[in-house]
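**Student:** Before anything else, here's the structure in question.
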Amino acid sequence: MNRITLLLFTLLMSCNTHNHSISELQFNSELGLISTEHAIKDLHYLFQKLEVVHYNPYLHISKEKLSEHINLINSNWQQRDSLMRADFIIQTMKLLSKIEDAHTALVWYSTEVLNKRDDMSFFPLQMKINAKNAVYITDAFHSQYKGEEVRSINGLNANSLYTEALECLSSNFEHKNELTSSLFFPVFLYLKGISAPYSIDLESNQKIQIDSTESATFLDLYKRIQTSQLNYEFTLLEAEKIALISYNSCTDYEAFKLFLETTFQEIAKHKISDLIIDIRNNSGGNSALNDLLFAYITNKKYRQSSKRFWKLSDVSIEELNTRDIAAHYGENFVRKYRLKRDTSILLLGEDEAPKSPEKVDHYFSGNTYVLIGSKTFSSANMFADAVATYDLCPLIGMPTGERTNDFGEQKTAILPHSKIPFDFTIAFDIGADGNEMNIKTVEPDIKVREDALGYTINLILKKRKNAR
């Protein structure tokens, strides 16, 4: 933006009576500008990188259509000498979302984007959008307004703001809505220059005023998606004699192994006949942890995925060379890899046959129920997919947040000029059923939108009563 344009922009904004005008200028000053030349170079670097390392950035959108979007952005940017870093971030996120790979995105929560993240203040009110495109309050920050429809925030249409925030993320609607509601929307408002004091107009003509002292920290926002500080937790519901395992993260193989040993020993000790495994808040990690859990709850053969495609590049070669790939993918894969490693083609992992779980002490032979939802993602989604494909136990809740055939093996790189990190994937996993054309999430056997845990407890108690 040249000086004359900046002056005109300042004069125009000063005529606007909304608080937004002031906060936008302050925001521009705080986050700074990026030159048009550097913005376009970073965008070119990003998508050129994806063409080399990503399995297929054009699986869900044609190369021609994506190029149209990129060219339009470039054309708009070229009208000015520089642009706001926030504008660069938002527009780049929207472009990346069109690939429909939730693992490929700018790391918008990084300190490179939120420079003073841990000392910053954010919009504290949690809200969601419903099927009728109404934005409504969901948290208890002002409990008397919970469920109220929001008309505007600092004079700007709430529906337009929230819808634009959703456009920055990749995933199915429910998962994007959850992530936007809990964490991204306050960050998005910050990027848009909307800061305290906040004035929220409701459809009921009531107004909520929130000053800077009531703003949220980033930790406050993060706690919304971290329902527990523990990766896994065991609770014995003594009154109902039901065991509950909250499997919140597929993290730390050895710790989970020990957790399961002590947990199922405790379950056996109390002669529990009904177990609930809650993975509604599990966003993934290492899928090998799932095999440890399956060993305790099923003796059926199963597989979590049927095969994996690798895009061969320097990144994937480096990744594969750090593994015992024969153990992971079999000798046939190794032979193909050695023959083709000097070409940039796709490598196909051999179909993984269903396998029997390991034998364990304190195997649970009772009734198991698994709770899933829109925040069930990545390796947790693979767990749910195996349960559904091999009918291991009932799934209760809402559809998962990811397709069963989806991109995987996330890596991170840095945009050379803006220095913003971005994640990308180098592989593509086919779900447990082996159907490469199956573009779907994992569906529950029993759909429960609210309080799936309470529903499941009541279901167990009802079954016990009927069995008498």
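The way I read the labels, and the way they are meant: chains A, B, ... in the order of the structure tokens, residue 1 as the first residue of every chain, and ligand 1 as the first ligand shown, with later ones counted on from there.
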Using DSSP secondary structure from the backbone, list all strand (DSSP E) positions within segment 200-408 of chain A, as JSON, numbers by chain.

**Tutor:** {"A": [200, 201, 202, 207, 208, 209, 210, 232, 233, 234, 235, 236, 237, 242, 243, 244, 245, 246, 247, 274, 275, 276, 277, 278, 307, 308, 309, 310, 311, 346, 347, 348, 367, 368, 369, 370, 371, 372, 395, 396, 397, 406, 407, 408]}

**Student:** Keeping C-alpha atoms, export the residues of the selection given above as a compact mmCIF listing (two decimals), in the first residue's frame.

**Tutor:**
# COMPACT_ATOMS: atom_id res chain seq x y z
CA ILE A 200 -22.59 -7.67 20.75
CA ASP A 201 -26.10 -7.04 19.42
CA LEU A 202 -28.61 -9.86 19.87
CA LYS A 207 -26.83 -5.76 23.85
CA ILE A 208 -23.83 -7.34 25.58
CA GLN A 209 -20.86 -5.10 26.41
CA ILE A 210 -17.51 -6.75 27.16
CA TYR A 232 -6.19 -40.85 28.93
CA GLU A 233 -8.23 -41.21 32.08
CA PHE A 234 -10.03 -44.06 33.83
CA THR A 235 -13.17 -43.47 35.85
CA LEU A 236 -15.14 -46.11 37.70
CA LEU A 237 -18.79 -45.08 37.80
CA ILE A 242 -19.64 -49.02 34.58
CA ALA A 243 -16.03 -48.40 33.55
CA LEU A 244 -15.23 -45.25 31.55
CA ILE A 245 -12.00 -44.74 29.63
CA SER A 246 -11.56 -41.21 28.29
CA TYR A 247 -9.08 -41.76 25.46
CA ASP A 274 -19.83 -52.73 30.80
CA LEU A 275 -17.13 -50.43 29.42
CA ILE A 276 -17.47 -47.06 27.68
CA ILE A 277 -14.53 -45.74 25.66
CA ASP A 278 -14.90 -42.02 24.92
CA LYS A 307 -3.07 -49.34 2.49
CA ARG A 308 -1.12 -46.13 2.20
CA PHE A 309 -0.04 -44.21 -0.87
CA TRP A 310 3.22 -42.26 -0.62
CA LYS A 311 4.14 -39.30 -2.78
CA LEU A 346 3.32 -42.65 -6.08
CA LEU A 347 4.27 -45.68 -4.05
CA LEU A 348 1.54 -48.08 -3.04
CA ASN A 367 -19.90 -55.13 26.65
CA THR A 368 -17.96 -52.26 25.10
CA TYR A 369 -19.37 -48.99 23.71
CA VAL A 370 -17.34 -46.33 21.88
CA LEU A 371 -18.38 -42.66 21.85
CA ILE A 372 -17.45 -40.62 18.74
CA LEU A 395 -20.52 -46.56 18.08
CA ILE A 396 -22.61 -43.86 19.74
CA GLY A 397 -22.60 -40.09 19.19
CA ASP A 406 -7.73 -39.13 3.90
CA PHE A 407 -4.34 -37.49 3.79
CA GLY A 408 -1.73 -38.33 6.43

**Student:** So, with only C-alpha atoms as the atoms that count, which of A:Ser418, A:Gln304, A:Ser215, A:Asn231 lies closest to His38 of chain A?

**Tutor:**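 Answer, going by the shortest atom-to-atom distance: A:Ser418.
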
**Student:** What is the atom CA of Ile430 of chain A to atom CA of Gly285 of chain A distance in Å?

**Tutor:**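 Interatomic distance, atom CA of Ile430 of chain A to atom CA of Gly285 of chain A: 17.3 Å.
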
**Student:** Got a sec: who's within 9 Å of Glu149 of chain A, counting only C-alpha atoms, leaving out chain neighbours fewer than 6 positions off, as a PyMOL selection string?

**Tutor:** chain A and resi 134-137+201-204

**Student:** Which residue is closest to Pro57 of chain A? Choose from A:Val315, A:Leu95, A:Val187, A:Cys393 and count only C-alpha atoms.

**Tutor:** A:Leu95

**Student:** Restricting the calculation to only C-alpha atoms: of A:Cys168, A:Ile439, A:Ala384, A:Ala295, which residue gets closest to Ser356 of chain A?

**Tutor:**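 Nearest to Ser356 of chain A: A:Ala295.
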
**Student:** Where does segment 255-280 of chain A meet segment 361-364 of chain A within 7 Å, residue by residue, with the nearest atom pair and distance in Å to one decimal for each, counting only C-alpha atoms, listed by chain and rising number, as a tab-separated table?

**Tutor:**
residue	atom	partner	partner_atom	distance
A:Phe264	CA	A:His362	CA	5.9
A:Gln265	CA	A:His362	CA	5.8
A:Ala268	CA	A:His362	CA	6.3

**Student:** Any idea what the distance is between atom CA of Lys116 of chain A and atom CA of Phe424 of chain A?

**Tutor:**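 Atom CA of Phe424 of chain A lies 24.8 Å from atom CA of Lys116 of chain A.
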
**Student:** Determine which residues of segment 346-459 of chain A DSSP labels as alpha helix (DSSP H) from the backbone of this structure, then write them out as a ChimeraX atom specification.

**Tutor:** /A:379-389,452-459

**Student:** Write to file, as a PDB file, in the first residue's frame, the residues of the selection just made, with N, CA and C atoms.

**Tutor:**
ATOM      1  N   SER A 379      -5.760 -40.336  13.948  1.00  0.00           N
ATOM      2  CA  SER A 379      -5.602 -41.701  14.456  1.00  0.00           C
ATOM      3  C   SER A 379      -6.821 -42.168  15.241  1.00  0.00           C
ATOM      4  N   ALA A 380      -7.508 -41.244  15.903  1.00  0.00           N
ATOM      5  CA  ALA A 380      -8.745 -41.609  16.599  1.00  0.00           C
ATOM      6  C   ALA A 380      -9.826 -41.988  15.590  1.00  0.00           C
ATOM      7  N   ASN A 381      -9.820 -41.315  14.443  1.00  0.00           N
ATOM      8  CA  ASN A 381     -10.759 -41.651  13.372  1.00  0.00           C
ATOM      9  C   ASN A 381     -10.475 -43.055  12.843  1.00  0.00           C
ATOM     10  N   MET A 382      -9.197 -43.438  12.782  1.00  0.00           N
ATOM     11  CA  MET A 382      -8.822 -44.787  12.350  1.00  0.00           C
ATOM     12  C   MET A 382      -9.331 -45.832  13.349  1.00  0.00           C
ATOM     13  N   PHE A 383      -9.275 -45.503  14.631  1.00  0.00           N
ATOM     14  CA  PHE A 383      -9.806 -46.399  15.658  1.00  0.00           C
ATOM     15  C   PHE A 383     -11.297 -46.625  15.427  1.00  0.00           C
ATOM     16  N   ALA A 384     -12.035 -45.505  15.224  1.00  0.00           N
ATOM     17  CA  ALA A 384     -13.482 -45.598  15.000  1.00  0.00           C
ATOM     18  C   ALA A 384     -13.792 -46.360  13.715  1.00  0.00           C
ATOM     19  N   ASP A 385     -12.978 -46.145  12.681  1.00  0.00           N
ATOM     20  CA  ASP A 385     -13.190 -46.817  11.400  1.00  0.00           C
ATOM     21  C   ASP A 385     -13.038 -48.327  11.547  1.00  0.00           C
ATOM     22  N   ALA A 386     -12.027 -48.762  12.287  1.00  0.00           N
ATOM     23  CA  ALA A 386     -11.838 -50.199  12.520  1.00  0.00           C
ATOM     24  C   ALA A 386     -13.012 -50.781  13.293  1.00  0.00           C
ATOM     25  N   VAL A 387     -13.482 -50.064  14.297  1.00  0.00           N
ATOM     26  CA  VAL A 387     -14.636 -50.519  15.086  1.00  0.00           C
ATOM     27  C   VAL A 387     -15.852 -50.698  14.185  1.00  0.00           C
ATOM     28  N   ALA A 388     -16.095 -49.706  13.310  1.00  0.00           N
ATOM     29  CA  ALA A 388     -17.260 -49.752  12.433  1.00  0.00           C
ATOM     30  C   ALA A 388     -17.134 -50.844  11.374  1.00  0.00           C
ATOM     31  N   THR A 389     -15.967 -50.939  10.734  1.00  0.00           N
ATOM     32  CA  THR A 389     -15.772 -51.886   9.628  1.00  0.00           C
ATOM     33  C   THR A 389     -15.891 -53.331  10.087  1.00  0.00           C
ATOM     34  N   ALA A 452     -23.944 -37.876  24.728  1.00  0.00           N
ATOM     35  CA  ALA A 452     -23.816 -39.273  24.314  1.00  0.00           C
ATOM     36  C   ALA A 452     -23.436 -40.169  25.495  1.00  0.00           C
ATOM     37  N   LEU A 453     -22.665 -39.616  26.440  1.00  0.00           N
ATOM     38  CA  LEU A 453     -22.275 -40.409  27.603  1.00  0.00           C
ATOM     39  C   LEU A 453     -23.497 -40.744  28.451  1.00  0.00           C
ATOM     40  N   GLY A 454     -24.311 -39.739  28.741  1.00  0.00           N
ATOM     41  CA  GLY A 454     -25.528 -39.975  29.523  1.00  0.00           C
ATOM     42  C   GLY A 454     -26.457 -40.957  28.834  1.00  0.00           C
ATOM     43  N   TYR A 455     -26.574 -40.822  27.520  1.00  0.00           N
ATOM     44  CA  TYR A 455     -27.423 -41.739  26.751  1.00  0.00           C
ATOM     45  C   TYR A 455     -26.920 -43.174  26.885  1.00  0.00           C
ATOM     46  N   THR A 456     -25.603 -43.352  26.784  1.00  0.00           N
ATOM     47  CA  THR A 456     -25.024 -44.695  26.812  1.00  0.00           C
ATOM     48  C   THR A 456     -25.183 -45.334  28.188  1.00  0.00           C
ATOM     49  N   ILE A 457     -24.985 -44.553  29.220  1.00  0.00           N
ATOM     50  CA  ILE A 457     -25.191 -45.071  30.590  1.00  0.00           C
ATOM     51  C   ILE A 457     -26.627 -45.548  30.759  1.00  0.00           C
ATOM     52  N   ASN A 458     -27.573 -44.745  30.309  1.00  0.00           N
ATOM     53  CA  ASN A 458     -28.985 -45.133  30.414  1.00  0.00           C
ATOM     54  C   ASN A 458     -29.290 -46.369  29.572  1.00  0.00           C
ATOM     55  N   LEU A 459     -28.655 -46.464  28.406  1.00  0.00           N
ATOM     56  CA  LEU A 459     -28.848 -47.635  27.545  1.00  0.00           C
ATOM     57  C   LEU A 459     -28.370 -48.899  28.243  1.00  0.00           C
TER      58      LEU A 459
END

**Student:** Could you state the separation of atom CA of Lys192 of chain A and atom CA of Ile153 of chain A in Å, given to one decimal place?

**Tutor:**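 Separation between atom CA of Lys192 of chain A and atom CA of Ile153 of chain A: 11.8 Å.
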
**Student:** Go through A:Thr251, A:Asn405, A:Ser35, A:Ser170 and flag the residue nearest Ile99 of chain A, using only C-alpha atoms for the distances.

**Tutor:**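 Smallest distance to Ile99 of chain A is found for A:Ser170.
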
**Student:** Which residues, written as a JSON list (two decimals) with C-alpha atoms, in the first residue's frame, have at least one atom at most 10 Å from Lys223 of chain A, with only C-alpha atoms counted and residues fewer than 6 positions away on the same chain left out?

**Tutor:**
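After the write, out_13.json holds the following:
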[["chain", "number", "residue", "atom", "x", "y", "z"],
["A", 182, "SER", "CA", -13.83, -23.15, 20.59],
["A", 183, "LEU", "CA", -10.58, -21.64, 19.32],
["A", 229, "GLN", "CA", -5.39, -32.25, 30.87]]

**Student:** Nearest to Glu240 of chain A: which of A:Ile272, A:Ile426, A:Pro394, A:Glu112 is it, counting only C-alpha atoms?

**Tutor:** A:Ile272

**Student:** If you count only C-alpha atoms, which residues fall within 10 Å of Leu292 of chain A, apart from same-chain ones fewer than 4 positions away, as number ranges by chain?

**Tutor:** A: 253-254, 256-257, 260-261, 287-288, 296-297, 357-358, 360

**Student:** Given the choices A:Glu30, A:Asp423, A:Glu238, A:Glu436, which gets closest to Ser110 of chain A if the distance is worked out from only C-alpha atoms?

**Tutor:** A:Asp423
